[in-house]
Each structure stands twice: as C-alpha cells, then as structure tokens.
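Asks: Below is the file structure.txt, with compact mmCIF, N, CA and C atoms.
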# COMPACT_ATOMS: atom_id res chain seq x y z
N MET O 1 9.08 -29.79 -11.28
CA MET O 1 9.22 -28.44 -11.79
C MET O 1 9.83 -28.41 -13.17
N ASN O 2 10.09 -29.51 -13.75
CA ASN O 2 10.66 -29.58 -15.09
C ASN O 2 11.96 -28.79 -15.24
N GLY O 3 12.78 -28.79 -14.19
CA GLY O 3 14.06 -28.11 -14.27
C GLY O 3 13.98 -26.61 -14.11
N SER O 4 12.80 -26.06 -13.97
CA SER O 4 12.66 -24.62 -13.80
C SER O 4 12.77 -24.29 -12.32
N SER O 5 13.27 -23.09 -12.04
CA SER O 5 13.40 -22.70 -10.65
C SER O 5 12.83 -21.31 -10.44
N TYR O 6 12.73 -20.95 -9.18
CA TYR O 6 12.18 -19.65 -8.82
C TYR O 6 13.18 -18.55 -9.13
N ASP O 7 12.73 -17.49 -9.76
CA ASP O 7 13.57 -16.34 -10.08
C ASP O 7 13.13 -15.17 -9.20
N SER O 8 13.96 -14.79 -8.25
CA SER O 8 13.59 -13.75 -7.28
C SER O 8 13.55 -12.35 -7.89
N SER O 9 13.82 -12.22 -9.19
CA SER O 9 13.72 -10.91 -9.84
C SER O 9 12.35 -10.71 -10.51
N ASN O 10 11.41 -11.66 -10.32
CA ASN O 10 10.09 -11.48 -10.93
C ASN O 10 9.35 -10.31 -10.30
N ILE O 11 8.39 -9.76 -11.02
CA ILE O 11 7.71 -8.54 -10.58
C ILE O 11 6.96 -8.73 -9.26
N PHE O 12 6.41 -9.90 -8.99
CA PHE O 12 5.69 -10.10 -7.73
C PHE O 12 6.65 -10.17 -6.55
N ALA O 13 7.83 -10.74 -6.75
CA ALA O 13 8.86 -10.73 -5.70
C ALA O 13 9.27 -9.29 -5.40
N LYS O 14 9.36 -8.47 -6.45
CA LYS O 14 9.71 -7.05 -6.26
C LYS O 14 8.62 -6.31 -5.51
N ILE O 15 7.36 -6.64 -5.78
CA ILE O 15 6.24 -6.04 -5.03
C ILE O 15 6.33 -6.45 -3.57
N LEU O 16 6.59 -7.72 -3.31
CA LEU O 16 6.70 -8.20 -1.93
C LEU O 16 7.83 -7.50 -1.18
N ARG O 17 8.91 -7.18 -1.87
CA ARG O 17 10.05 -6.50 -1.23
C ARG O 17 9.84 -4.99 -1.15
N GLY O 18 8.75 -4.48 -1.70
CA GLY O 18 8.48 -3.05 -1.67
C GLY O 18 9.24 -2.26 -2.72
N GLU O 19 9.81 -2.94 -3.71
CA GLU O 19 10.56 -2.27 -4.77
C GLU O 19 9.66 -1.70 -5.85
N ILE O 20 8.46 -2.26 -5.96
CA ILE O 20 7.47 -1.79 -6.93
C ILE O 20 6.17 -1.60 -6.16
N PRO O 21 5.48 -0.47 -6.36
CA PRO O 21 4.23 -0.25 -5.63
C PRO O 21 3.10 -1.13 -6.15
N ALA O 22 2.13 -1.35 -5.29
CA ALA O 22 0.94 -2.12 -5.68
C ALA O 22 -0.25 -1.58 -4.90
N HIS O 23 -1.43 -1.71 -5.47
CA HIS O 23 -2.67 -1.32 -4.80
C HIS O 23 -3.15 -2.53 -4.02
N LYS O 24 -2.73 -2.60 -2.76
CA LYS O 24 -3.02 -3.75 -1.92
C LYS O 24 -4.47 -3.73 -1.43
N VAL O 25 -5.07 -4.92 -1.39
CA VAL O 25 -6.43 -5.04 -0.86
C VAL O 25 -6.49 -5.91 0.38
N TYR O 26 -5.52 -6.80 0.55
CA TYR O 26 -5.50 -7.68 1.71
C TYR O 26 -4.06 -8.15 1.92
N GLU O 27 -3.69 -8.25 3.21
CA GLU O 27 -2.37 -8.78 3.52
C GLU O 27 -2.41 -9.42 4.89
N ASP O 28 -1.78 -10.58 5.00
CA ASP O 28 -1.55 -11.22 6.29
C ASP O 28 -0.11 -11.69 6.32
N GLU O 29 0.26 -12.50 7.29
CA GLU O 29 1.66 -12.90 7.43
C GLU O 29 2.16 -13.76 6.26
N ALA O 30 1.25 -14.41 5.55
CA ALA O 30 1.66 -15.35 4.51
C ALA O 30 1.20 -14.99 3.10
N THR O 31 0.30 -14.01 2.98
CA THR O 31 -0.38 -13.77 1.70
C THR O 31 -0.53 -12.28 1.42
N LEU O 32 -0.54 -11.94 0.13
CA LEU O 32 -0.80 -10.58 -0.31
C LEU O 32 -1.78 -10.63 -1.47
N ALA O 33 -2.78 -9.75 -1.43
CA ALA O 33 -3.73 -9.60 -2.55
C ALA O 33 -3.67 -8.14 -3.00
N PHE O 34 -3.60 -7.95 -4.32
CA PHE O 34 -3.49 -6.60 -4.86
C PHE O 34 -4.14 -6.54 -6.23
N MET O 35 -4.40 -5.32 -6.69
CA MET O 35 -5.07 -5.12 -7.97
C MET O 35 -4.12 -5.44 -9.12
N ASP O 36 -4.65 -6.13 -10.13
CA ASP O 36 -3.89 -6.39 -11.35
C ASP O 36 -3.81 -5.07 -12.12
N VAL O 37 -2.61 -4.64 -12.51
CA VAL O 37 -2.45 -3.37 -13.22
C VAL O 37 -2.93 -3.44 -14.67
N MET O 38 -3.17 -4.65 -15.16
CA MET O 38 -3.73 -4.83 -16.50
C MET O 38 -5.01 -5.68 -16.38
N PRO O 39 -6.03 -5.09 -15.74
CA PRO O 39 -7.23 -5.88 -15.42
C PRO O 39 -7.99 -6.35 -16.66
N GLN O 40 -8.48 -7.58 -16.56
CA GLN O 40 -9.30 -8.14 -17.62
C GLN O 40 -10.78 -7.83 -17.41
N ALA O 41 -11.12 -7.34 -16.22
CA ALA O 41 -12.46 -6.85 -15.88
C ALA O 41 -12.29 -5.95 -14.66
N GLU O 42 -13.27 -5.10 -14.40
CA GLU O 42 -13.22 -4.22 -13.24
C GLU O 42 -13.09 -5.06 -11.96
N GLY O 43 -12.10 -4.72 -11.13
CA GLY O 43 -11.93 -5.42 -9.87
C GLY O 43 -11.01 -6.62 -9.91
N HIS O 44 -10.27 -6.81 -10.98
CA HIS O 44 -9.35 -7.95 -11.15
C HIS O 44 -8.24 -7.88 -10.09
N ILE O 45 -8.15 -8.93 -9.29
CA ILE O 45 -7.20 -9.01 -8.17
C ILE O 45 -6.25 -10.18 -8.37
N LEU O 46 -5.04 -10.04 -7.87
CA LEU O 46 -4.06 -11.12 -7.83
C LEU O 46 -3.82 -11.49 -6.38
N VAL O 47 -3.77 -12.78 -6.08
CA VAL O 47 -3.51 -13.26 -4.72
C VAL O 47 -2.25 -14.13 -4.78
N ILE O 48 -1.25 -13.77 -3.97
CA ILE O 48 0.04 -14.46 -4.01
C ILE O 48 0.50 -14.85 -2.60
N PRO O 49 1.28 -15.92 -2.52
CA PRO O 49 1.92 -16.23 -1.24
C PRO O 49 3.16 -15.34 -1.08
N LYS O 50 3.52 -15.06 0.15
CA LYS O 50 4.74 -14.28 0.39
C LYS O 50 5.98 -15.14 0.25
N ILE O 51 5.83 -16.44 0.42
CA ILE O 51 6.97 -17.35 0.29
C ILE O 51 7.28 -17.57 -1.20
N ALA O 52 8.55 -17.72 -1.51
CA ALA O 52 8.96 -17.96 -2.89
C ALA O 52 8.40 -19.28 -3.38
N SER O 53 7.66 -19.21 -4.47
CA SER O 53 7.08 -20.40 -5.09
C SER O 53 6.83 -20.07 -6.55
N ARG O 54 7.36 -20.86 -7.46
CA ARG O 54 7.22 -20.58 -8.88
C ARG O 54 5.77 -20.71 -9.33
N ASN O 55 5.12 -21.79 -8.93
CA ASN O 55 3.71 -22.01 -9.27
C ASN O 55 3.17 -23.16 -8.43
N ILE O 56 2.01 -23.64 -8.76
CA ILE O 56 1.36 -24.67 -7.95
C ILE O 56 2.14 -25.99 -7.97
N LEU O 57 2.95 -26.20 -8.99
CA LEU O 57 3.69 -27.45 -9.12
C LEU O 57 4.79 -27.61 -8.09
N ASP O 58 5.31 -26.50 -7.57
CA ASP O 58 6.39 -26.59 -6.58
C ASP O 58 5.99 -26.05 -5.21
N ALA O 59 4.73 -25.63 -5.07
CA ALA O 59 4.28 -25.01 -3.82
C ALA O 59 4.14 -26.04 -2.70
N ASP O 60 4.46 -25.61 -1.52
CA ASP O 60 4.26 -26.44 -0.33
C ASP O 60 2.75 -26.55 -0.09
N PRO O 61 2.23 -27.74 0.16
CA PRO O 61 0.79 -27.89 0.40
C PRO O 61 0.27 -27.01 1.54
N ALA O 62 1.08 -26.76 2.55
CA ALA O 62 0.65 -25.89 3.64
C ALA O 62 0.47 -24.45 3.14
N THR O 63 1.34 -24.03 2.24
CA THR O 63 1.20 -22.70 1.65
C THR O 63 -0.09 -22.61 0.85
N LEU O 64 -0.36 -23.66 0.07
CA LEU O 64 -1.58 -23.68 -0.75
C LEU O 64 -2.84 -23.61 0.10
N ALA O 65 -2.85 -24.29 1.23
CA ALA O 65 -4.04 -24.31 2.08
C ALA O 65 -4.39 -22.90 2.55
N GLY O 66 -3.41 -22.16 3.02
CA GLY O 66 -3.67 -20.79 3.45
C GLY O 66 -3.99 -19.87 2.30
N LEU O 67 -3.31 -20.07 1.19
CA LEU O 67 -3.51 -19.23 0.01
C LEU O 67 -4.92 -19.36 -0.54
N ILE O 68 -5.42 -20.58 -0.67
CA ILE O 68 -6.75 -20.75 -1.26
C ILE O 68 -7.83 -20.19 -0.35
N ALA O 69 -7.60 -20.21 0.96
CA ALA O 69 -8.56 -19.61 1.89
C ALA O 69 -8.64 -18.10 1.66
N VAL O 70 -7.50 -17.47 1.39
CA VAL O 70 -7.50 -16.03 1.09
C VAL O 70 -8.13 -15.77 -0.27
N VAL O 71 -7.87 -16.63 -1.25
CA VAL O 71 -8.52 -16.49 -2.56
C VAL O 71 -10.04 -16.47 -2.38
N GLN O 72 -10.55 -17.39 -1.57
CA GLN O 72 -12.00 -17.44 -1.32
C GLN O 72 -12.49 -16.16 -0.65
N LYS O 73 -11.80 -15.71 0.37
CA LYS O 73 -12.17 -14.50 1.11
C LYS O 73 -12.22 -13.28 0.18
N VAL O 74 -11.18 -13.14 -0.64
CA VAL O 74 -11.09 -12.01 -1.56
C VAL O 74 -12.16 -12.13 -2.65
N ALA O 75 -12.42 -13.34 -3.12
CA ALA O 75 -13.45 -13.55 -4.15
C ALA O 75 -14.83 -13.14 -3.64
N VAL O 76 -15.16 -13.51 -2.41
CA VAL O 76 -16.45 -13.13 -1.83
C VAL O 76 -16.55 -11.61 -1.73
N ALA O 77 -15.48 -10.96 -1.26
CA ALA O 77 -15.47 -9.50 -1.13
C ALA O 77 -15.58 -8.82 -2.49
N ALA O 78 -14.86 -9.33 -3.49
CA ALA O 78 -14.91 -8.74 -4.83
C ALA O 78 -16.29 -8.88 -5.45
N LYS O 79 -16.92 -10.04 -5.24
CA LYS O 79 -18.28 -10.24 -5.77
C LYS O 79 -19.23 -9.21 -5.18
N ASP O 80 -19.12 -8.99 -3.88
CA ASP O 80 -19.96 -7.99 -3.22
C ASP O 80 -19.60 -6.57 -3.66
N ALA O 81 -18.32 -6.24 -3.68
CA ALA O 81 -17.86 -4.89 -3.98
C ALA O 81 -18.25 -4.42 -5.38
N PHE O 82 -18.27 -5.35 -6.33
CA PHE O 82 -18.56 -4.98 -7.71
C PHE O 82 -19.92 -5.47 -8.18
N ASP O 83 -20.75 -5.93 -7.24
CA ASP O 83 -22.09 -6.43 -7.56
C ASP O 83 -22.01 -7.39 -8.75
N ALA O 84 -21.03 -8.28 -8.68
CA ALA O 84 -20.76 -9.21 -9.78
C ALA O 84 -21.76 -10.36 -9.77
N ASP O 85 -21.99 -10.90 -10.95
CA ASP O 85 -22.87 -12.07 -11.10
C ASP O 85 -22.11 -13.36 -10.83
N GLY O 86 -20.78 -13.30 -10.94
CA GLY O 86 -19.94 -14.48 -10.71
C GLY O 86 -18.49 -14.05 -10.56
N ILE O 87 -17.65 -15.01 -10.28
CA ILE O 87 -16.21 -14.76 -10.11
C ILE O 87 -15.44 -15.81 -10.91
N THR O 88 -14.50 -15.36 -11.72
CA THR O 88 -13.59 -16.27 -12.40
C THR O 88 -12.31 -16.32 -11.58
N ILE O 89 -11.85 -17.54 -11.30
CA ILE O 89 -10.58 -17.73 -10.62
C ILE O 89 -9.70 -18.55 -11.55
N MET O 90 -8.52 -17.98 -11.88
CA MET O 90 -7.61 -18.64 -12.80
C MET O 90 -6.23 -18.75 -12.18
N GLN O 91 -5.53 -19.81 -12.54
CA GLN O 91 -4.17 -20.02 -12.06
C GLN O 91 -3.43 -20.81 -13.13
N PHE O 92 -2.27 -20.31 -13.57
CA PHE O 92 -1.52 -20.91 -14.67
C PHE O 92 -0.17 -21.43 -14.19
N ASN O 93 0.31 -22.51 -14.81
CA ASN O 93 1.56 -23.15 -14.40
C ASN O 93 2.46 -23.40 -15.59
N GLU O 94 3.52 -22.61 -15.68
CA GLU O 94 4.53 -22.63 -16.75
C GLU O 94 4.01 -21.93 -18.02
N ALA O 95 4.94 -21.44 -18.80
CA ALA O 95 4.63 -20.62 -19.98
C ALA O 95 3.66 -21.28 -20.97
N PRO O 96 3.82 -22.58 -21.28
CA PRO O 96 2.90 -23.17 -22.25
C PRO O 96 1.44 -23.16 -21.77
N ALA O 97 1.24 -23.03 -20.46
CA ALA O 97 -0.11 -22.99 -19.90
C ALA O 97 -0.60 -21.56 -19.68
N GLY O 98 0.20 -20.58 -20.05
CA GLY O 98 -0.22 -19.19 -19.94
C GLY O 98 0.42 -18.40 -18.82
N GLN O 99 1.28 -19.03 -18.01
CA GLN O 99 1.93 -18.29 -16.92
C GLN O 99 2.96 -17.33 -17.50
N SER O 100 2.87 -16.05 -17.09
CA SER O 100 3.83 -15.05 -17.58
C SER O 100 4.65 -14.44 -16.45
N VAL O 101 4.16 -14.52 -15.22
CA VAL O 101 4.95 -14.10 -14.05
C VAL O 101 5.18 -15.37 -13.23
N PHE O 102 6.44 -15.70 -13.01
CA PHE O 102 6.77 -16.99 -12.41
C PHE O 102 6.91 -16.91 -10.89
N HIS O 103 5.82 -16.44 -10.28
CA HIS O 103 5.58 -16.49 -8.83
C HIS O 103 4.13 -16.94 -8.72
N LEU O 104 3.88 -17.97 -7.93
CA LEU O 104 2.53 -18.52 -7.79
C LEU O 104 1.52 -17.40 -7.57
N HIS O 105 0.45 -17.39 -8.35
CA HIS O 105 -0.61 -16.40 -8.17
C HIS O 105 -1.93 -16.90 -8.72
N PHE O 106 -2.98 -16.42 -8.09
CA PHE O 106 -4.35 -16.68 -8.53
C PHE O 106 -4.95 -15.37 -9.00
N HIS O 107 -5.64 -15.42 -10.13
CA HIS O 107 -6.42 -14.28 -10.62
C HIS O 107 -7.83 -14.43 -10.06
N VAL O 108 -8.36 -13.36 -9.49
CA VAL O 108 -9.73 -13.32 -8.98
C VAL O 108 -10.41 -12.20 -9.75
N ILE O 109 -11.38 -12.57 -10.60
CA ILE O 109 -11.95 -11.60 -11.53
C ILE O 109 -13.48 -11.57 -11.40
N PRO O 110 -14.03 -10.44 -10.89
CA PRO O 110 -15.49 -10.29 -10.84
C PRO O 110 -16.05 -10.27 -12.26
N ARG O 111 -17.19 -10.94 -12.45
CA ARG O 111 -17.79 -11.04 -13.80
C ARG O 111 -19.25 -10.62 -13.78
N LYS O 112 -19.64 -9.92 -14.82
CA LYS O 112 -21.04 -9.54 -15.05
C LYS O 112 -21.60 -10.42 -16.15
N GLU O 113 -22.83 -10.79 -16.02
CA GLU O 113 -23.53 -11.60 -17.02
C GLU O 113 -23.35 -10.97 -18.40
N GLY O 114 -22.88 -11.76 -19.36
CA GLY O 114 -22.76 -11.31 -20.75
C GLY O 114 -21.52 -10.50 -21.07
N ALA O 115 -20.72 -10.15 -20.09
CA ALA O 115 -19.51 -9.34 -20.33
C ALA O 115 -18.31 -10.27 -20.45
N GLY O 116 -17.57 -10.13 -21.53
CA GLY O 116 -16.38 -10.95 -21.73
C GLY O 116 -15.18 -10.37 -20.99
N LEU O 117 -14.11 -11.13 -20.96
CA LEU O 117 -12.87 -10.65 -20.38
C LEU O 117 -12.11 -9.82 -21.40
N ARG O 118 -11.51 -8.73 -20.94
CA ARG O 118 -10.63 -7.95 -21.81
C ARG O 118 -9.32 -8.72 -21.96
N PRO O 119 -8.63 -8.55 -23.07
CA PRO O 119 -7.34 -9.22 -23.22
C PRO O 119 -6.32 -8.68 -22.22
N HIS O 120 -5.39 -9.51 -21.80
CA HIS O 120 -4.30 -9.09 -20.92
C HIS O 120 -3.24 -8.50 -21.83
N SER O 121 -3.53 -7.30 -22.33
CA SER O 121 -2.82 -6.73 -23.47
C SER O 121 -1.53 -6.00 -23.16
N GLY O 122 -1.31 -5.64 -21.92
CA GLY O 122 -0.15 -4.82 -21.62
C GLY O 122 -0.52 -3.38 -21.39
N LYS O 123 -1.79 -3.00 -21.60
CA LYS O 123 -2.23 -1.64 -21.32
C LYS O 123 -2.54 -1.53 -19.83
N MET O 124 -1.82 -0.63 -19.16
CA MET O 124 -1.99 -0.49 -17.73
C MET O 124 -3.19 0.42 -17.41
N GLU O 125 -3.93 0.03 -16.37
CA GLU O 125 -5.07 0.80 -15.90
C GLU O 125 -4.58 2.05 -15.17
N ASP O 126 -5.37 3.10 -15.20
CA ASP O 126 -5.07 4.33 -14.49
C ASP O 126 -4.96 4.04 -12.98
N GLY O 127 -3.95 4.58 -12.34
CA GLY O 127 -3.73 4.35 -10.92
C GLY O 127 -4.89 4.77 -10.04
N ALA O 128 -5.57 5.85 -10.41
CA ALA O 128 -6.71 6.32 -9.61
C ALA O 128 -7.86 5.30 -9.66
N VAL O 129 -8.05 4.68 -10.81
CA VAL O 129 -9.09 3.64 -10.94
C VAL O 129 -8.73 2.44 -10.08
N LEU O 130 -7.46 2.03 -10.13
CA LEU O 130 -7.01 0.90 -9.32
C LEU O 130 -7.17 1.20 -7.83
N ALA O 131 -6.82 2.41 -7.43
CA ALA O 131 -6.95 2.80 -6.02
C ALA O 131 -8.41 2.78 -5.58
N ALA O 132 -9.30 3.29 -6.43
CA ALA O 132 -10.73 3.29 -6.09
C ALA O 132 -11.27 1.87 -6.00
N ASN O 133 -10.86 1.01 -6.93
CA ASN O 133 -11.32 -0.38 -6.90
C ASN O 133 -10.76 -1.11 -5.68
N ALA O 134 -9.52 -0.84 -5.31
CA ALA O 134 -8.93 -1.45 -4.11
C ALA O 134 -9.70 -1.02 -2.88
N ALA O 135 -10.09 0.24 -2.81
CA ALA O 135 -10.85 0.75 -1.67
C ALA O 135 -12.21 0.03 -1.56
N LYS O 136 -12.86 -0.22 -2.68
CA LYS O 136 -14.14 -0.93 -2.67
C LYS O 136 -13.99 -2.33 -2.09
N ILE O 137 -12.93 -3.01 -2.48
CA ILE O 137 -12.71 -4.38 -2.00
C ILE O 137 -12.34 -4.38 -0.53
N LYS O 138 -11.49 -3.43 -0.10
CA LYS O 138 -11.13 -3.35 1.32
C LYS O 138 -12.38 -3.11 2.16
N ALA O 139 -13.28 -2.24 1.69
CA ALA O 139 -14.52 -1.99 2.43
C ALA O 139 -15.37 -3.26 2.53
N ALA O 140 -15.44 -4.01 1.44
CA ALA O 140 -16.23 -5.25 1.44
C ALA O 140 -15.61 -6.31 2.35
N LEU O 141 -14.29 -6.30 2.48
CA LEU O 141 -13.61 -7.26 3.37
C LEU O 141 -13.93 -6.98 4.84
N LYS O 142 -14.26 -5.73 5.15
CA LYS O 142 -14.56 -5.36 6.54
C LYS O 142 -15.99 -5.70 6.93
N ASP O 143 -16.84 -5.94 5.94
CA ASP O 143 -18.25 -6.24 6.23
C ASP O 143 -18.41 -7.58 6.92
Take the structure in this file and express it as structure tokens.

Replies:
Amino acid sequence: MNGSSYDSSNIFAKILRGEIPAHKVYEDEATLAFMDVMPQAEGHILVIPKIASRNILDADPATLAGLIAVVQKVAVAAKDAFDADGITIMQFNEAPAGQSVFHLHFHVIPRKEGAGLRPHSGKMEDGAVLAANAAKIKAALKD
C-alpha cells in the first residue's frame, strides 16, 4: 500500500453509512452499485465493496471475487438498459494513477460507437436524470 491507509471519511464510506444520498442500482450484503454523480457518459455506474478497502492493492482477494462478479452483472444490465455498443470498465489505484476517491471502486460506463467520454469535470448531473438512469438499470437487472 506504499504507506497509505484507508480513510473512513471518504465520500464512498459516507454513502455506505447513509450520510450522503446515492442513486443506488444494486446492493447485496457485500457490494453497492450506484450512479456516478459526475457521469462521463449516460449510465455511468460505480461499483464498490462495503468493506473498507483503499483500492485493489490492499483488497482481500475474496472481496475482489464477489466484487468483480457484481461489476459483470451491472455491466450487462447497463449495456442492455442504454442500448450501448460496448462497456468501459475502469479502476484506478493511488493518485498518480488517477484515483481520486480512496475507496476501492470500479467505473462501469456504457459506450456508444463514436462517442467519447466526457471529462470528469466536477459538474454534477441533475438528480432527476440520475434517478431515471438508475431506474433503467434496475429494470434491466430484473430481466
């Protein structure tokens, strides 16, 4: 872990504790998936473990096994829900690699042919849009 440790004040830990709201799309005993509030494309989802883990470098392999299965499940649903041509899955470890929230997470981003990713600029998406997109993914998960 290069001397870095888990900080329980990160925004995803706050979401897990119910201190900050999130547009949830999937939840089980070990995992939570919710809409990214600064989506890089329509339907951008974050998938996180409920257990404290800074990133993939310190994660328990058992946690990773369950987490990646949920990433796959959510990716399939997002592809269907948004009639996407493909899915980008990204995961960053430590600041030099692009990690900005230090709780293990995977980005699941539906992609359309020829459409680029929007920058992760800090502009938050309208809550109604996020709620509608979450509903689409939840419906696809039930199929």

Asks: Using all atoms listed in the file, find the one residue out of O:Glu94, O:Asp126, O:Asp83, O:Asp143 that sits nearest to Asn55 (chain O).

Replies: O:Glu94

Asks: If you count only N, CA and C atoms, which residues fall within 8 Å of Val37 (chain O), apart from same-chain ones fewer than 3 positions away, as a ChimeraX atom specification?

Replies: /O:23,34,40,44-46,122-126,130

Asks: Could you tell me how far CA of Ser100 (chain O) sits from CA of Ile56 (chain O), in Å to one decimal place?

Replies: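 The value is 13.8 Å.
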
Asks: Could you tell me how far atom N of His107 (chain O) lies from atom C of Met38 (chain O), in Å and to one decimal?

Replies: 11.6 Å

Asks: Atom N of Ser5 (chain O) to atom C of Ala33 (chain O): how many Å, to one decimal?

Replies: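 A separation of 24.3 Å between them.
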
Asks: So which residues of chain O fall under alpha helix (DSSP H) by DSSP, listed as a ChimeraX atom specification?

Replies: /O:11-16,61-81,127-142

Asks: Within 6 Å of (4.3, -15.3, 0.7), in the coordinates the file gives, what residues turn up when you count all atoms listed in the file, written out as a list in words?

Replies: Ala30, Thr31, Leu32, Ile48, Pro49, Lys50, Ile51 and Ala52 of chain O

Asks: Emit as AutoDock Vina command-line options the padded axis-aligned box for all listed atoms of region 113-129 of chain O, 5 Å per side, with centre and edge lengths in Å to one decimal.

Replies:
--center_x -11.8 --center_y -2.7 --center_z -16.5 --size_x 33.4 --size_y 28.1 --size_z 23.9

Asks: Any idea what's packed within 6 Å of Lys138 (chain O), counting all atoms listed in the file, ignoring anything in its chain fewer than 4 positions away? Could you give it as a list in words?

Replies: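 Residues near the query, excluding close chain neighbours: Val25, Ala134 and Lys142 of chain O.
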
Asks: Would you mind listing what lies within 6 Å of Pro110 (chain O) as a short mmCIF file (atom, residue, chain, number, x, y, z; two decimals) with N, CA and C atoms, in the frame of the given file, with only N, CA and C atoms counted and same-chain residues fewer than 6 positions away left out?

Replies:
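Once everything was written out, this is out37.cif:
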data_model
loop_
_atom_site.label_atom_id
_atom_site.label_comp_id
_atom_site.auth_asym_id
_atom_site.auth_seq_id
_atom_site.Cartn_x
_atom_site.Cartn_y
_atom_site.Cartn_z
N GLU O 42 -13.27 -5.10 -14.40
CA GLU O 42 -13.22 -4.22 -13.24
C GLU O 42 -13.09 -5.06 -11.96
N GLY O 43 -12.10 -4.72 -11.13
CA GLY O 43 -11.93 -5.42 -9.87
C GLY O 43 -11.01 -6.62 -9.91
N HIS O 44 -10.27 -6.81 -10.98
CA HIS O 44 -9.35 -7.95 -11.15
C HIS O 44 -8.24 -7.88 -10.09
N ALA O 78 -14.86 -9.33 -3.49
CA ALA O 78 -14.91 -8.74 -4.83
C ALA O 78 -16.29 -8.88 -5.45
N LYS O 79 -16.92 -10.04 -5.24
CA LYS O 79 -18.28 -10.24 -5.77
C LYS O 79 -19.23 -9.21 -5.18
N ALA O 84 -21.03 -8.28 -8.68
CA ALA O 84 -20.76 -9.21 -9.78
C ALA O 84 -21.76 -10.36 -9.77
N GLY O 86 -20.78 -13.30 -10.94
CA GLY O 86 -19.94 -14.48 -10.71
C GLY O 86 -18.49 -14.05 -10.56
N ILE O 87 -17.65 -15.01 -10.28
CA ILE O 87 -16.21 -14.76 -10.11
C ILE O 87 -15.44 -15.81 -10.91
N THR O 88 -14.50 -15.36 -11.72
CA THR O 88 -13.59 -16.27 -12.40
C THR O 88 -12.31 -16.32 -11.58
#

Asks: Using only N, CA and C atoms, which residue out of O:Ile11, O:Val129, O:Val76, O:Ile137 lies closest to Val101 (chain O)?

Replies: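 For Val101 (chain O), the nearest of the candidates is O:Ile11.
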
Asks: Rank nothing, just name the residue among O:Val47, O:Ala77, O:Leu104, O:Ala131 nearest to Asp28 (chain O), using only C-alpha atoms.

Replies: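 That would be O:Val47, the residue with the smallest distance to Asp28 (chain O).
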